[in-house]
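**Q** Sharing protein_4.csv (CSV, C-alpha atoms and all ligand atoms) below.
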chain,number,residue,atom,x,y,z
A,1,MET,CA,-40.6,94.9,71.8
A,2,TRP,CA,-41.5,92.0,69.5
A,3,ARG,CA,-40.7,94.1,66.4
A,4,CYS,CA,-37.3,95.1,67.9
A,5,TRP,CA,-36.4,91.5,68.6
A,6,SER,CA,-37.5,90.5,65.1
A,7,SER,CA,-35.5,93.2,63.3
A,8,ASN,CA,-32.4,92.2,65.3
A,9,GLN,CA,-32.8,88.7,64.2
A,10,GLU,CA,-33.2,89.8,60.6
A,11,GLU,CA,-30.1,91.9,60.9
A,12,ARG,CA,-28.1,89.0,62.3
A,13,ALA,CA,-29.3,86.7,59.5
A,14,ALA,CA,-28.4,89.3,56.9
A,15,ILE,CA,-24.9,89.6,58.4
A,16,GLN,CA,-24.5,85.9,58.4
A,17,ALA,CA,-25.6,85.7,54.8
A,18,ASP,CA,-23.1,88.4,53.9
A,19,ARG,CA,-20.3,86.4,55.6
A,20,ASN,CA,-21.3,83.2,53.8
A,21,ILE,CA,-21.2,85.0,50.5
A,22,GLU,CA,-17.8,86.5,51.3
A,23,LYS,CA,-16.5,83.0,52.3
A,24,MET,CA,-17.8,81.6,49.1
A,25,ILE,CA,-16.0,84.3,47.1
A,26,ARG,CA,-12.8,83.7,49.0
A,27,ASP,CA,-13.0,79.9,48.5
A,28,HIS,CA,-13.8,80.4,44.8
A,29,ARG,CA,-10.7,82.7,44.4
A,30,LYS,CA,-8.6,80.1,46.2
A,31,ARG,CA,-9.8,77.4,43.9
A,32,LEU,CA,-9.2,79.5,40.8
A,33,ARG,CA,-5.7,80.2,42.0
A,34,LEU,CA,-5.0,76.5,42.1
A,35,GLU,CA,-6.9,75.7,39.0
A,36,ARG,CA,-5.0,75.3,35.7
A,37,ARG,CA,-7.0,75.4,32.5
A,38,PHE,CA,-6.0,73.6,29.4
A,39,TYR,CA,-7.4,74.0,25.9
A,40,MET,CA,-7.0,70.7,24.1
A,41,ILE,CA,-6.9,71.0,20.3
A,42,GLY,CA,-5.7,68.8,17.4
A,43,GLU,CA,-6.7,67.3,14.1
A,44,GLU,CA,-9.4,64.6,14.0
A,45,ASN,CA,-8.2,61.1,15.0
A,46,SER,CA,-5.3,62.3,17.1
A,47,GLY,CA,-6.7,60.5,20.2
A,48,MET,CA,-8.4,63.4,22.1
A,49,THR,CA,-11.6,61.7,22.9
A,50,THR,CA,-9.6,58.7,24.1
A,51,LEU,CA,-7.5,60.9,26.3
A,52,PHE,CA,-10.7,62.3,27.9
A,53,ARG,CA,-11.9,58.8,28.5
A,54,GLN,CA,-8.6,57.7,29.9
A,55,ILE,CA,-8.5,60.6,32.3
A,56,ARG,CA,-12.0,59.6,33.5
A,57,ILE,CA,-10.8,56.1,34.2
A,58,ILE,CA,-7.6,57.3,36.0
A,59,HIS,CA,-9.0,60.2,38.0
A,60,GLY,CA,-12.7,60.2,37.8
A,61,GLU,CA,-15.5,57.8,38.7
A,62,GLY,CA,-14.7,55.5,35.7
A,63,HIS,CA,-17.5,54.1,33.6
A,64,SER,CA,-20.8,53.0,35.3
A,65,ASP,CA,-22.6,49.9,34.0
A,66,GLN,CA,-25.0,52.3,32.2
A,67,ASP,CA,-22.1,54.0,30.5
A,68,ARG,CA,-20.6,50.7,29.4
A,69,GLY,CA,-24.0,49.6,28.1
A,70,GLY,CA,-24.1,52.7,26.0
A,71,PHE,CA,-20.8,51.7,24.3
A,72,THR,CA,-22.0,48.3,23.3
A,73,LYS,CA,-23.7,49.7,20.2
A,74,THR,CA,-20.7,51.8,19.3
A,75,VAL,CA,-18.4,48.7,19.4
A,76,PHE,CA,-20.8,46.9,17.1
A,77,GLN,CA,-21.0,49.9,14.8
A,78,ASN,CA,-17.1,50.1,14.7
A,79,LEU,CA,-17.0,46.4,13.7
A,80,PHE,CA,-19.2,47.1,10.7
A,81,THR,CA,-17.5,50.3,9.8
A,82,ALA,CA,-14.1,48.6,9.8
A,83,MET,CA,-15.2,45.6,7.8
A,84,GLN,CA,-17.0,47.8,5.3
A,85,ALA,CA,-13.8,49.8,4.8
A,86,LEU,CA,-11.8,46.6,4.3
A,87,THR,CA,-14.3,45.1,1.8
A,88,ASN,CA,-14.5,48.4,-0.1
A,89,ALA,CA,-10.7,48.6,-0.3
A,90,MET,CA,-10.6,45.0,-1.6
A,91,THR,CA,-12.4,46.4,-4.7
A,92,THR,CA,-10.4,49.6,-5.1
A,93,LEU,CA,-7.1,47.9,-4.5
A,94,ASN,CA,-8.2,45.1,-6.7
A,95,ILE,CA,-7.4,42.3,-4.2
A,96,PRO,CA,-9.2,39.0,-4.7
A,97,TYR,CA,-10.7,37.0,-1.8
A,98,ALA,CA,-8.7,33.8,-1.0
A,99,ASN,CA,-12.0,32.1,-0.6
A,100,PRO,CA,-14.4,33.3,-3.4
A,101,GLU,CA,-17.4,32.4,-1.2
A,102,ASN,CA,-16.5,35.3,1.0
A,103,GLN,CA,-17.6,37.7,-1.7
A,104,LEU,CA,-21.2,36.8,-0.6
A,105,TYR,CA,-20.4,37.6,3.1
A,106,SER,CA,-18.8,40.8,2.0
A,107,GLN,CA,-22.1,41.8,0.3
A,108,TRP,CA,-24.0,41.0,3.6
A,109,ILE,CA,-21.8,43.4,5.5
A,110,GLN,CA,-22.0,46.1,2.8
A,111,ASP,CA,-25.8,46.0,3.0
A,112,VAL,CA,-25.8,47.1,6.6
A,113,LYS,CA,-25.9,50.8,7.6
A,114,PRO,CA,-23.5,51.0,10.6
A,115,GLN,CA,-25.1,54.0,12.2
A,116,GLN,CA,-28.4,52.0,12.5
A,117,VAL,CA,-26.8,49.0,14.1
A,118,SER,CA,-27.7,48.3,17.7
A,119,THR,CA,-27.3,44.5,18.0
A,120,LEU,CA,-24.8,42.0,16.5
A,121,GLU,CA,-26.7,39.2,14.8
A,122,ALA,CA,-25.1,35.8,14.8
A,123,ARG,CA,-25.1,35.7,11.0
A,124,HIS,CA,-23.3,39.0,10.8
A,125,ALA,CA,-20.7,38.0,13.4
A,126,ASP,CA,-20.1,34.8,11.5
A,127,ALA,CA,-19.7,36.8,8.2
A,128,ILE,CA,-17.2,39.2,9.9
A,129,ARG,CA,-15.3,36.3,11.3
A,130,ARG,CA,-15.0,34.5,8.0
A,131,LEU,CA,-13.9,37.7,6.2
A,132,TRP,CA,-11.3,38.5,8.8
A,133,SER,CA,-9.7,35.1,8.4
A,134,ASP,CA,-9.5,35.5,4.6
A,135,ALA,CA,-5.9,35.8,3.4
A,136,GLY,CA,-7.1,38.5,0.8
A,137,ILE,CA,-8.6,40.6,3.6
A,138,ARG,CA,-5.3,40.3,5.6
A,139,ALA,CA,-3.3,41.4,2.5
A,140,CYS,CA,-5.7,44.4,2.2
A,141,TYR,CA,-5.3,45.1,6.0
A,142,SER,CA,-1.5,45.2,5.5
A,143,ARG,CA,-2.0,48.0,3.0
A,144,ARG,CA,-4.3,50.0,5.4
A,145,ARG,CA,-2.3,53.2,5.2
A,146,GLU,CA,-3.7,53.5,1.6
A,147,PHE,CA,-7.3,53.9,2.8
A,148,LYS,CA,-9.2,55.1,5.9
A,149,LEU,CA,-9.5,52.4,8.5
A,150,LEU,CA,-10.2,52.5,12.3
A,151,ASP,CA,-7.1,52.1,14.3
A,152,SER,CA,-8.8,49.6,16.5
A,153,THR,CA,-9.8,47.2,13.7
A,154,GLU,CA,-7.4,44.4,14.6
A,155,TYR,CA,-8.2,44.7,18.3
A,156,TYR,CA,-11.9,44.3,17.8
A,157,MET,CA,-11.6,41.6,15.1
A,158,ASP,CA,-9.3,39.5,17.3
A,159,ASP,CA,-11.8,39.8,20.2
A,160,LEU,CA,-14.9,39.1,18.0
A,161,ASP,CA,-15.9,35.9,19.9
A,162,ARG,CA,-16.0,37.8,23.2
A,163,ILE,CA,-17.8,40.8,21.7
A,164,ALA,CA,-20.4,38.6,19.9
A,165,ALA,CA,-21.2,36.6,23.0
A,166,PRO,CA,-24.6,37.1,24.6
A,167,GLY,CA,-24.7,39.8,27.3
A,168,TYR,CA,-21.5,41.5,26.1
A,169,ILE,CA,-20.5,44.5,28.2
A,170,PRO,CA,-17.6,46.6,27.0
A,171,THR,CA,-14.4,46.6,29.1
A,172,ASP,CA,-12.4,49.8,29.8
A,173,GLN,CA,-10.1,48.9,26.9
A,174,ASP,CA,-13.0,48.4,24.5
A,175,ILE,CA,-14.4,51.8,25.5
A,176,LEU,CA,-11.0,53.5,25.0
A,177,ARG,CA,-10.8,51.9,21.5
A,178,ALA,CA,-14.3,52.9,20.5
A,179,LYS,CA,-14.5,55.6,17.8
A,180,THR,CA,-17.4,58.0,18.2
A,181,SER,CA,-18.1,61.2,16.4
A,182,LEU,CA,-19.4,63.4,19.2
A,183,ARG,CA,-19.3,67.2,18.5
A,184,GLY,CA,-19.4,70.2,20.8
A,185,LEU,CA,-17.8,71.2,24.0
A,186,GLU,CA,-16.3,68.7,26.4
A,187,GLU,CA,-14.8,69.5,29.8
A,188,CYS,CA,-13.2,67.4,32.5
A,189,ALA,CA,-11.5,68.3,35.7
A,190,PHE,CA,-9.3,66.3,38.0
A,191,ASP,CA,-7.0,66.9,41.0
A,192,MET,CA,-3.2,66.8,40.6
A,193,GLY,CA,-1.8,67.3,44.1
A,194,GLN,CA,-2.9,70.7,45.3
A,195,HIS,CA,-3.9,71.7,41.8
A,196,CYS,CA,-7.1,71.2,39.8
A,197,PHE,CA,-6.5,70.6,36.1
A,198,ARG,CA,-9.5,71.5,34.0
A,199,ILE,CA,-9.4,70.5,30.3
A,200,TYR,CA,-11.7,72.0,27.6
A,201,ARG,CA,-12.1,70.7,24.2
A,202,TYR,CA,-14.3,71.9,21.4
A,203,THR,CA,-15.1,69.7,18.4
A,204,PRO,CA,-16.6,71.6,15.5
A,205,VAL,CA,-19.2,70.1,13.2
A,206,THR,CA,-16.9,70.2,10.3
A,207,ARG,CA,-13.1,70.1,10.1
A,208,ARG,CA,-13.1,73.3,8.1
A,209,SER,CA,-14.4,75.3,11.0
A,210,ILE,CA,-11.9,74.0,13.5
A,211,LEU,CA,-10.5,77.5,14.1
A,212,HIS,CA,-13.8,79.3,14.1
A,213,ARG,CA,-14.6,78.7,17.7
A,214,VAL,CA,-11.8,78.4,20.2
A,215,ILE,CA,-11.5,78.3,23.9
A,216,VAL,CA,-10.2,81.4,25.6
A,217,SER,CA,-9.3,82.2,29.2
A,218,VAL,CA,-7.0,79.2,29.6
A,219,ASP,CA,-3.5,78.8,30.9
A,220,PHE,CA,-2.1,76.2,28.5
A,221,LEU,CA,-2.6,75.0,25.0
A,222,LEU,CA,-2.6,71.2,24.9
A,223,PHE,CA,-2.0,70.2,21.3
A,224,VAL,CA,-2.5,66.5,20.4
A,225,ALA,CA,-1.1,65.1,17.2
A,226,SER,CA,-0.8,61.5,16.0
A,227,LEU,CA,2.7,60.2,15.4
A,228,SER,CA,1.3,57.4,13.3
A,229,GLN,CA,-0.1,59.5,10.5
A,230,TYR,CA,3.2,60.3,8.8
A,231,ASP,CA,2.5,57.8,6.0
A,232,GLN,CA,-1.2,58.6,5.6
A,233,PHE,CA,-3.1,60.9,3.3
A,234,GLU,CA,-6.5,62.6,3.6
A,235,SER,CA,-7.9,60.6,0.7
A,236,SER,CA,-6.5,58.5,-2.2
A,237,ASP,CA,-7.0,61.3,-4.7
A,238,ASP,CA,-5.7,64.1,-2.5
A,239,PHE,CA,-2.0,64.3,-1.7
A,240,GLU,CA,-2.4,66.1,1.7
A,241,ASN,CA,-0.1,64.3,4.2
A,242,LEU,CA,-1.9,63.9,7.5
A,243,LEU,CA,1.2,64.7,9.6
A,244,ARG,CA,1.7,67.9,7.6
A,245,MET,CA,-1.9,68.8,8.2
A,246,ASN,CA,-1.2,68.4,11.9
A,247,LEU,CA,1.9,70.6,11.6
A,248,ASN,CA,-0.2,73.3,9.7
A,249,LEU,CA,-2.8,73.4,12.4
A,250,PHE,CA,-0.2,73.6,15.1
A,251,LYS,CA,1.4,76.5,13.4
A,252,LEU,CA,-1.8,78.4,13.1
A,253,ILE,CA,-3.0,77.8,16.6
A,254,ILE,CA,0.2,78.7,18.4
A,255,ASN,CA,0.6,81.8,16.3
A,256,ASN,CA,-2.9,82.9,16.9
A,257,ARG,CA,-2.9,86.2,18.8
A,258,LEU,CA,-5.0,84.7,21.6
A,259,TYR,CA,-2.3,82.1,22.4
A,260,ARG,CA,0.9,83.8,21.3
A,261,SER,CA,2.3,84.1,24.8
A,262,MET,CA,0.9,80.9,26.2
A,263,PRO,CA,2.9,77.8,27.2
A,264,VAL,CA,2.3,74.9,24.8
A,265,ILE,CA,2.1,71.2,25.8
A,266,LEU,CA,2.4,68.9,22.9
A,267,PHE,CA,1.2,65.3,23.2
A,268,LEU,CA,2.7,63.3,20.3
A,269,ASN,CA,0.2,60.4,20.6
A,270,LYS,CA,-0.1,56.8,19.3
A,271,LYS,CA,3.6,56.0,19.9
A,272,ASP,CA,2.6,52.3,20.0
A,273,ILE,CA,1.2,52.5,16.4
A,274,LEU,CA,4.3,54.3,15.2
A,275,ALA,CA,6.6,51.7,16.8
A,276,GLU,CA,4.8,49.0,14.9
A,277,LYS,CA,4.4,50.5,11.5
A,278,ILE,CA,7.9,52.0,11.4
A,279,GLN,CA,9.2,48.5,10.9
A,280,THR,CA,7.6,48.3,7.4
A,281,SER,CA,6.9,51.9,6.4
A,282,HIS,CA,10.0,54.1,6.1
A,283,LEU,CA,9.6,57.7,7.3
A,284,GLN,CA,12.0,58.9,4.7
A,285,THR,CA,9.6,57.9,1.9
A,286,TYR,CA,7.3,60.7,3.1
A,287,PHE,CA,9.8,63.1,4.8
A,288,PRO,CA,12.9,63.0,2.7
A,289,GLU,CA,14.7,65.2,5.2
A,290,PHE,CA,14.7,62.2,7.7
A,291,THR,CA,18.1,60.6,7.8
A,292,GLY,CA,17.6,58.1,10.5
A,293,LYS,CA,17.7,54.3,10.0
A,294,GLN,CA,14.7,52.4,8.7
A,295,GLY,CA,12.8,50.8,11.6
A,296,ASP,CA,14.3,53.1,14.3
A,297,ALA,CA,11.2,54.2,16.2
A,298,GLU,CA,13.2,56.5,18.6
A,299,ALA,CA,14.9,58.3,15.7
A,300,ALA,CA,11.5,58.7,13.9
A,301,MET,CA,9.9,60.1,17.1
A,302,ASP,CA,12.8,62.6,17.6
A,303,PHE,CA,12.5,63.7,14.0
A,304,ILE,CA,8.7,64.3,14.3
A,305,ARG,CA,9.2,66.2,17.6
A,306,GLY,CA,11.8,68.4,15.8
A,307,LEU,CA,9.3,69.2,13.1
A,308,PHE,CA,6.8,70.6,15.7
A,309,GLN,CA,9.5,72.3,17.7
A,310,SER,CA,10.9,74.1,14.7
A,311,ILE,CA,7.5,75.8,14.3
A,312,VAL,CA,7.6,77.4,17.7
A,313,ILE,CA,9.4,80.6,16.6
A,314,ALA,CA,8.6,82.9,19.4
A,315,GLU,CA,11.6,83.6,21.7
A,316,GLY,CA,11.5,81.9,25.1
A,317,ARG,CA,8.3,80.2,24.3
A,318,LEU,CA,7.7,77.1,26.5
A,319,VAL,CA,7.0,73.9,24.7
A,320,CYS,CA,6.8,70.7,26.6
A,321,VAL,CA,6.6,67.5,24.5
A,322,HIS,CA,5.3,64.2,25.6
A,323,PHE,CA,5.3,61.0,23.6
A,324,THR,CA,2.0,59.3,24.6
A,325,CYS,CA,-0.2,56.3,24.2
A,326,ALA,CA,-3.7,57.3,25.2
A,327,LEU,CA,-4.6,53.6,25.8
A,328,ASP,CA,-1.9,53.3,28.5
A,329,PRO,CA,-3.1,54.7,31.9
A,330,GLY,CA,0.4,54.7,33.4
A,331,ASN,CA,1.8,56.7,30.5
A,332,ILE,CA,-1.0,59.3,30.6
A,333,HIS,CA,-0.8,59.7,34.4
A,334,GLN,CA,3.0,60.2,34.1
A,335,ALA,CA,2.5,62.8,31.5
A,336,PHE,CA,0.2,64.9,33.7
A,337,CYS,CA,2.5,64.4,36.7
A,338,ASP,CA,5.4,65.8,34.6
A,339,ILE,CA,3.2,68.8,33.6
A,340,LYS,CA,2.4,69.4,37.3
A,341,ASP,CA,6.1,69.1,38.4
A,342,ASN,CA,7.8,70.8,35.5
A,343,VAL,CA,5.5,73.2,33.7
A,344,LEU,CA,3.3,74.8,36.3
A,345,ALA,CA,6.2,76.8,37.8
A,346,TYR,CA,6.4,78.8,34.6
A,347,VAL,CA,2.9,80.1,34.8
A,348,VAL,CA,2.2,83.3,36.7
A,349,PRO,CA,-0.6,82.4,39.2
A,350,ARG,CA,-3.9,84.0,38.1
A,351,VAL,CA,-4.5,85.8,41.3
A,352,ASN,CA,-7.1,88.5,41.3
A,353,GLU,CA,-7.4,88.1,37.6
A,354,GLY,CA,-10.8,89.7,37.5
A,355,PRO,CA,-14.3,88.8,36.4
A,356,GLN,CA,-13.4,86.8,33.3
A,357,CYS,CA,-12.6,83.9,35.5
A,358,TRP,CA,-16.2,83.8,36.8
A,359,GLY,CA,-18.0,83.1,33.6
A,360,GLY,CA,-19.6,79.8,32.7
A,361,THR,CA,-18.3,77.6,29.9
A,362,GLU,CA,-20.3,79.6,27.4
A,363,GLN,CA,-18.0,82.6,27.9
A,364,LEU,CA,-15.0,80.4,27.2
A,365,ILE,CA,-15.9,79.9,23.5
A,366,LYS,CA,-15.0,82.8,21.3
A,367,LEU,CA,-16.0,83.3,17.8
A,368,ILE,CA,-13.1,84.0,15.5
A,369,LYS,CA,-13.4,85.8,12.2
A,370,PRO,CA,-14.1,83.4,9.3
A,371,SER,CA,-11.0,84.7,7.6
A,372,THR,CA,-8.9,82.4,9.8
A,373,ASP,CA,-10.5,79.5,8.1
A,374,VAL,CA,-9.6,80.7,4.7
A,375,ARG,CA,-6.0,81.2,5.8
A,376,TYR,CA,-6.1,77.7,7.1
A,377,ARG,CA,-7.4,76.2,3.9
A,378,ASP,CA,-4.9,78.2,1.8
A,379,LYS,CA,-1.9,77.2,3.8
A,380,LYS,CA,-2.3,73.5,3.1
A,381,ILE,CA,0.9,72.1,1.9
A,382,LYS,CA,0.5,69.8,-1.1
A,383,THR,CA,3.0,67.0,-1.0
A,384,ARG,CA,3.4,64.6,-3.9
A,385,ILE,CA,5.0,61.3,-3.2
A,386,LYS,CA,6.1,58.5,-5.4
A,387,LYS,CA,3.8,55.6,-4.9
B,1,LIG,N1,-3.2,52.2,19.4
B,1,LIG,C1,-3.6,53.4,19.8
B,1,LIG,N2,-4.8,53.8,19.4
B,1,LIG,C2,-5.2,55.1,19.8
B,1,LIG,C3,-4.4,55.9,20.6
B,1,LIG,N3,-5.1,57.1,20.9
B,1,LIG,C4,-6.3,56.9,20.3
B,1,LIG,N4,-6.3,55.7,19.6
B,1,LIG,C5,-7.5,55.2,18.8
B,1,LIG,O1,-7.6,56.1,17.7
B,1,LIG,C6,-8.9,56.2,17.3
B,1,LIG,C7,-9.3,57.7,17.3
B,1,LIG,O2,-9.2,58.3,18.5
B,1,LIG,P1,-10.1,59.4,19.1
B,1,LIG,O3,-9.8,59.6,20.5
B,1,LIG,O4,-11.6,59.1,18.7
B,1,LIG,O5,-9.6,60.7,18.2
B,1,LIG,P2,-10.2,62.2,18.2
B,1,LIG,O6,-10.8,62.3,16.8
B,1,LIG,O7,-8.9,63.0,18.3
B,1,LIG,O8,-11.1,62.4,19.3
B,1,LIG,C8,-9.8,55.5,18.4
B,1,LIG,O9,-10.1,54.2,17.9
B,1,LIG,C9,-8.8,55.3,19.5
B,1,LIG,O10,-9.0,54.1,20.3
B,1,LIG,C10,-3.1,55.4,21.0
B,1,LIG,O11,-2.3,56.1,21.6
B,1,LIG,N5,-2.8,54.2,20.5
B,2,MG,MG,-13.2,62.4,19.1
Kindly return the structure encoded in the file as structure tokens.
Ligand SMILES: Nc1nc2c(ncn2[C@@H]2O[C@H](COP(=O)(O)OP(=O)(O)O)[C@@H](O)[C@H]2O)c(=O)[nH]1
Ligand SMILES: [Mg+2]
**A**
Amino acid sequence: MWRCWSSNQEERAAIQADRNIEKMIRDHRKRLRLERRFYMIGEENSGMTTLFRQIRIIHGEGHSDQDRGGFTKTVFQNLFTAMQALTNAMTTLNIPYANPENQLYSQWIQDVKPQQVSTLEARHADAIRRLWSDAGIRACYSRRREFKLLDSTEYYMDDLDRIAAPGYIPTDQDILRAKTSLRGLEECAFDMGQHCFRIYRYTPVTRRSILHRVIVSVDFLLFVASLSQYDQFESSDDFENLLRMNLNLFKLIINNRLYRSMPVILFLNKKDILAEKIQTSHLQTYFPEFTGKQGDAEAAMDFIRGLFQSIVIAEGRLVCVHFTCALDPGNIHQAFCDIKDNVLAYVVPRVNEGPQCWGGTEQLIKLIKPSTDVRYRDKKIKTRIKK
């Protein structure tokens, strides 16, 4: 009698467990149907990490006090990296200090290893302050397109007193501006109406291997390029224009057999920097095909958009372009709302797509044959410009 009751109970428990599993599978399928996956890719410095952080601020839990504390060191390191780049450029561009005493402060800054910095000593803050107010350094800063300098240099330097104050905690804007060099796989997910947007990004260890590992099993390519790089070059002895490098990578990725039929979303980022620099740096100097007026930011952005669009050769391929500023939450939120409203309709829902949807993130990274990299290297366009 007892045995019979017990086996009935086990049977009921097994049936319940079965039902629970079926419900989990149904829920998971439903979620997958509403989930849209994006593979974010672009050249270094396009603003991809900043976009991830911005999304976290807009849609996620933001940054905890602990997270903010972790960025303090990065902001200090960015200050040293920026001032070292400026003082080095003073030498290479042969610009004298307005106040010759600042040569000594420049040496103090040069002696520091930025990656080992964890605090900002008062004497270093003072040296950076003196250097930043030197007219020679400002002349050097105005020639920043000729050397590598962090985009957030002016922002951090102008806020040096706040940053150097005891107990400094980075603000959201400080965090968005901080340049880090994290590598590997990043993933973020957020709700957009009834949809869940999931974005993957893979940062390889070296730029050369950017196409060795790519994310598969996604619905969209989200390519990010910087609008402000049209007048910049990889290094002073190399004539590789950074915007052309972005165009080359774009061409390779959208023509990759894995993504050939996939809708493309293009974020042309750093529109604020373009608007500022276009006043003094004429686009036509670097892209002679540009016929717009000097200082016309709209014309410059339209022209750059045209360069990317002309690459999308496949018939009927959907390319959706957004001009963005990753530092502006309203602008980024609007871009994702537009994607939700205008782009999702073009994608066939991935109902019953099969087991590939069930894999963990490891299954999303696919190893591509190294030959892709060789093609990438060989396809570099060398552009010589008159300096
Ligand atoms: N002014 C401005 N700076 C930006 C924008 N997007 C990114 N940045 C800055 O550009 C630098 C490089 O951005 P990051 O996200 O690290 O580039 P990644 O290499 O693509 O991850 C950082 O200092 C960012 O704060 C933008 O739209 N406007
Ligand atoms: Mg990054």
**Q** Could you give me, as CSV, every chain A residue with an atom at most 9 Å from ligand LIG 1 (chain B), plus its closest atom pair and distance in Å to one decimal, counting only C-alpha atoms and all ligand atoms, rows ordered by chain then number?
**A**
residue,atom,partner,partner_atom,distance
A:Ile41,CA,B:LIG1,O7,8.5
A:Gly42,CA,B:LIG1,O7,6.7
A:Glu43,CA,B:LIG1,O7,6.4
A:Glu44,CA,B:LIG1,O6,3.9
A:Asn45,CA,B:LIG1,O6,3.4
A:Ser46,CA,B:LIG1,O7,3.9
A:Gly47,CA,B:LIG1,O3,3.2
A:Met48,CA,B:LIG1,O7,3.9
A:Thr49,CA,B:LIG1,O3,3.7
A:Thr50,CA,B:LIG1,O3,3.7
A:Leu51,CA,B:LIG1,O3,6.4
A:Phe52,CA,B:LIG1,O3,7.9
A:Arg53,CA,B:LIG1,O3,8.3
A:Asn78,CA,B:LIG1,O9,8.7
A:Leu150,CA,B:LIG1,O9,5.9
A:Asp151,CA,B:LIG1,O9,5.1
A:Ser152,CA,B:LIG1,O9,5.0
A:Thr153,CA,B:LIG1,O9,8.2
A:Gln173,CA,B:LIG1,O10,8.5
A:Asp174,CA,B:LIG1,O10,8.1
A:Ile175,CA,B:LIG1,O10,7.8
A:Leu176,CA,B:LIG1,O10,5.1
A:Arg177,CA,B:LIG1,O10,3.1
A:Ala178,CA,B:LIG1,O9,5.1
A:Lys179,CA,B:LIG1,O9,4.6
A:Thr180,CA,B:LIG1,O4,5.9
A:Ser181,CA,B:LIG1,O4,7.2
A:Leu182,CA,B:LIG1,O8,8.4
A:Thr203,CA,B:LIG1,O8,8.4
A:Val224,CA,B:LIG1,O7,7.6
A:Ala225,CA,B:LIG1,O7,8.2
A:Ser226,CA,B:LIG1,N3,7.9
A:Leu227,CA,B:LIG1,O11,9.0
A:Ser228,CA,B:LIG1,N5,8.9
A:Leu268,CA,B:LIG1,O11,8.9
A:Asn269,CA,B:LIG1,O11,5.1
A:Lys270,CA,B:LIG1,O11,3.3
A:Lys271,CA,B:LIG1,O11,6.1
A:Asp272,CA,B:LIG1,N5,5.7
A:Ile273,CA,B:LIG1,N1,5.3
A:Leu274,CA,B:LIG1,N1,8.8
A:Thr324,CA,B:LIG1,O11,6.1
A:Cys325,CA,B:LIG1,O11,3.3
A:Ala326,CA,B:LIG1,O11,4.0
A:Leu327,CA,B:LIG1,C10,5.3
A:Asp328,CA,B:LIG1,O11,7.5
**Q** To one decimal in Å, tell me the separation between CA of Arg56 (chain A) and CA of Leu120 (chain A).
**A**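 So the answer is 27.6 Å.
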**Q** For Ile163 (chain A), which residue out of A:Tyr141, A:Trp108, A:Phe71, A:Phe233 is the nearest one, using all atoms listed in the file?
**A**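 Nearest to Ile163 (chain A): A:Phe71.
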**Q** Which residues are near Ala299 (chain A)? Cut-off 12 Å, all atoms listed in the file, ignore same chain within fewer than 4 positions. Put them as a ChimeraX atom specification.
**A** /A:274-275,278,282-284,290-295,303-306
**Q** In terms of the shortest atom-to-atom distance over only C-alpha atoms and all ligand atoms, which of A:Arg26, A:Arg183, A:His59, A:Arg260 is closest to ligand MG 2 (chain B)?
**A** A:Arg183
**Q** Between A:Met301, A:Leu86, A:Ala14, A:Ala98, single out the one closest to Ser142 (chain A), counting all atoms listed in the file.
**A**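 Distance minimum relative to Ser142 (chain A) lands on A:Leu86.
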**Q** Between CA of Ala85 (chain A) and CA of Phe147 (chain A), what is the distance, to one decimal in Å?
**A**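 It comes out at 7.9 Å.
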**Q** If I take CA of Phe80 (chain A) and CA of Glu154 (chain A), how far is one from the other in Å, to one decimal?
**A**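 Separating CA of Phe80 (chain A) from CA of Glu154 (chain A) is a distance of 12.7 Å.
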**Q** For Ala127 (chain A), please output as a ChimeraX atom specification all residues within 10 Å (counting all atoms listed in the file; exclusion window: fewer than 3 positions along the same chain).
**A** /A:83,102,104-109,121-124,130-132
**Q** So, with all atoms listed in the file as the atoms that count, which of A:Ile25, A:Leu185, A:Leu34, A:Ala17 lies closest to ligand MG 2 (chain B)?
**A**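 Counting all atoms listed in the file, the residue closest to ligand MG 2 (chain B) is A:Leu185.
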**Q** Would you list the contacts of Thr81 (chain A) as a list in words, taking every protein, DNA or RNA residue within 10 Å and counting all atoms listed in the file, but skipping same-chain residues closer than 6 positions in sequence?
**A**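 Non-adjacent residues within range: Val75, Ile109, Gln110, Val112, Lys113, Pro114, Gln115, Leu149, Leu150 and Thr153 of chain A.
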**Q** Using only C-alpha atoms, find the one residue out of A:Pro329, A:Arg162, A:Gln279, A:Leu243 that sits nearest to Leu307 (chain A).
**A**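 Counting only C-alpha atoms, the residue closest to Leu307 (chain A) is A:Leu243.
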**Q** Just need the box for region 165-180 of chain A, edges along x, y and z, holding every atom the file lists for it with 6 Å tacked onto each side, so centre and edge lengths in Å to one decimal, as lines of an AutoDock Vina configuration file.
**A**
center_x = -17.4
center_y = 47.3
center_z = 23.8
size_x = 26.6
size_y = 33.4
size_z = 24.0
**Q** Counting only C-alpha atoms and all ligand atoms, which residue out of A:Glu186, A:Glu61, A:Asp296, A:Glu240 sits closest to ligand MG 2 (chain B)?
**A** A:Glu186
**Q** Find the residues around Tyr168 (chain A) up to 12 Å (all atoms listed in the file counted), leave out those fewer than 2 positions away in its own chain, and share them as a PyMOL selection string.
**A** chain A and resi 65+68-73+75-76+119-120+159-166+170-171+174
**Q** At a cut-off of 12 Å, can you tabulate as CSV every residue of region 254-312 of chain A near region 214-223 of chain A together with its closest atom pair and the distance in Å to one decimal, using all atoms listed in the file and ordering rows by chain then number?
**A**
residue,atom,partner,partner_atom,distance
A:Ile254,CA,A:Leu221,CA,8.1
A:Asn255,CA,A:Leu221,CA,11.5
A:Asn256,CA,A:Val214,CA,10.5
A:Arg257,CA,A:Val216,CA,11.1
A:Leu258,CA,A:Val216,CA,7.3
A:Tyr259,CA,A:Leu221,CA,7.6
A:Arg260,CA,A:Leu221,CA,10.2
A:Ser261,CA,A:Phe220,CA,9.8
A:Met262,CA,A:Phe220,CA,6.0
A:Pro263,CA,A:Phe220,CA,5.4
A:Val264,CA,A:Leu221,CA,4.9
A:Ile265,CA,A:Leu222,CA,4.8
A:Leu266,CA,A:Phe223,CA,4.9
A:Phe267,CA,A:Phe223,CA,6.2
A:Leu268,CA,A:Phe223,CA,8.4
A:Asn269,CA,A:Phe223,CA,10.1
A:Phe308,CA,A:Phe223,CA,10.4
